[in-house]
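Structure first, then comments.
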Amino acid sequence: MDGMNEDDKEQLHEEAEEIRAETAAQAPELQEHDQLAELHKQVEEANAKALYAAAELQNTRRRMEKEIADARTYAAAGFARDMLAIKDHLDRALAAVGEDLRADKTAANFLAGIESTARELEQVFTRHGIARVESKGQPLDPHRHQAMLEIPSDEAEPGTIVEEMQPGYVMKDRLLRPALVGVARKP
């Protein structure tokens with residue numbers, strides 16, 4: 001057989017199959033053996049397909065569970081982002097109040113209500129995992145900060161945040177809004 005070419009081998013194989021088919025037709029036990037072998041092959045293929053389908057189902061279930069968990073965790077992210085604007089307005093309003101208005105009794109009562117509202121909003125943020133992004137004095141992190149300008153500075157290392165124009169916030173580990181910052185550079 002070693003001296004045979006591929007065509008000869010194929011022809012020999014075809015002849016062997018023809019002889020086997022003729023013999024099988026005359027020998028019922030050989031026919032049963034062939035049928036049993038075919039059934040075993042089909043069972044193995046069905047088992048392989050079933051295992052593949054089970055693995056695919058398990059992967060789909062895990063993906064869906066993760067998506068549901070993320071949806072629960074971050075469902076309020078859009079609402080929280082909208083609430084940040086309200087917090088910014090409250091903070092700016094309180095920062096703009098001078099000592100003369102704080103000395104006035106009527107204005108002081110009004111300011112106490114605004115301060116109370118700002119504290120309550122901060123507590124709600126904390127309960128829902130919303131935290132302010134650390135900025136001033138930190139190195140610039142493009143995942144949490146957005147550099148708006150460079151400020152010449154001898155005191156700070158280049159790339160260090162020296163000014164915060166607008167605070168950034170995260171909700172658990174997801175960024176809601178980057179901090180708008182000024183970064184130090186060599187003069």
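By convention here, the chains of the structure tokens are called A, B, ... in the order presented, each chain's residues are numbered starting at 1, and ligands are numbered starting at 1 in the order presented.
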Exercise: range 128-139 of chain A partners within 9 Å, only C-alpha atoms, chain neighbours under 3 positions left out, as a count of residues only: 31
Residue list (strand (DSSP E), DSSP) for range 21-178 of chain A, as a list in words: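 DSSP on the backbone gives strand (DSSP E) at Ile130, Ala131, Arg132, His145, Gln146, Ala147, Met148, Leu149, Glu150, Ile151, Pro152, Ile161, Val162, Glu163, Glu164, Met165, Gln166, Tyr169, Val170, Met171, Arg174, Leu175, Leu176 and Arg177 of chain A.
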Straight-line distance linking CA of Thr106 in chain A with CA of Glu120 in chain A, stated in Å to one decimal: 21.7 Å
d(CA of Pro187 in chain A, CA of Ser153 in chain A) in Å: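 Here the two named atoms are 5.9 Å from each other.
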Close residues, range 92-104 of chain A itself excluded, 12 Å, only C-alpha atoms, min 3 positions apart in chain, as a PyMOL selection string: chain A and resi 85-89+107-119+165-167
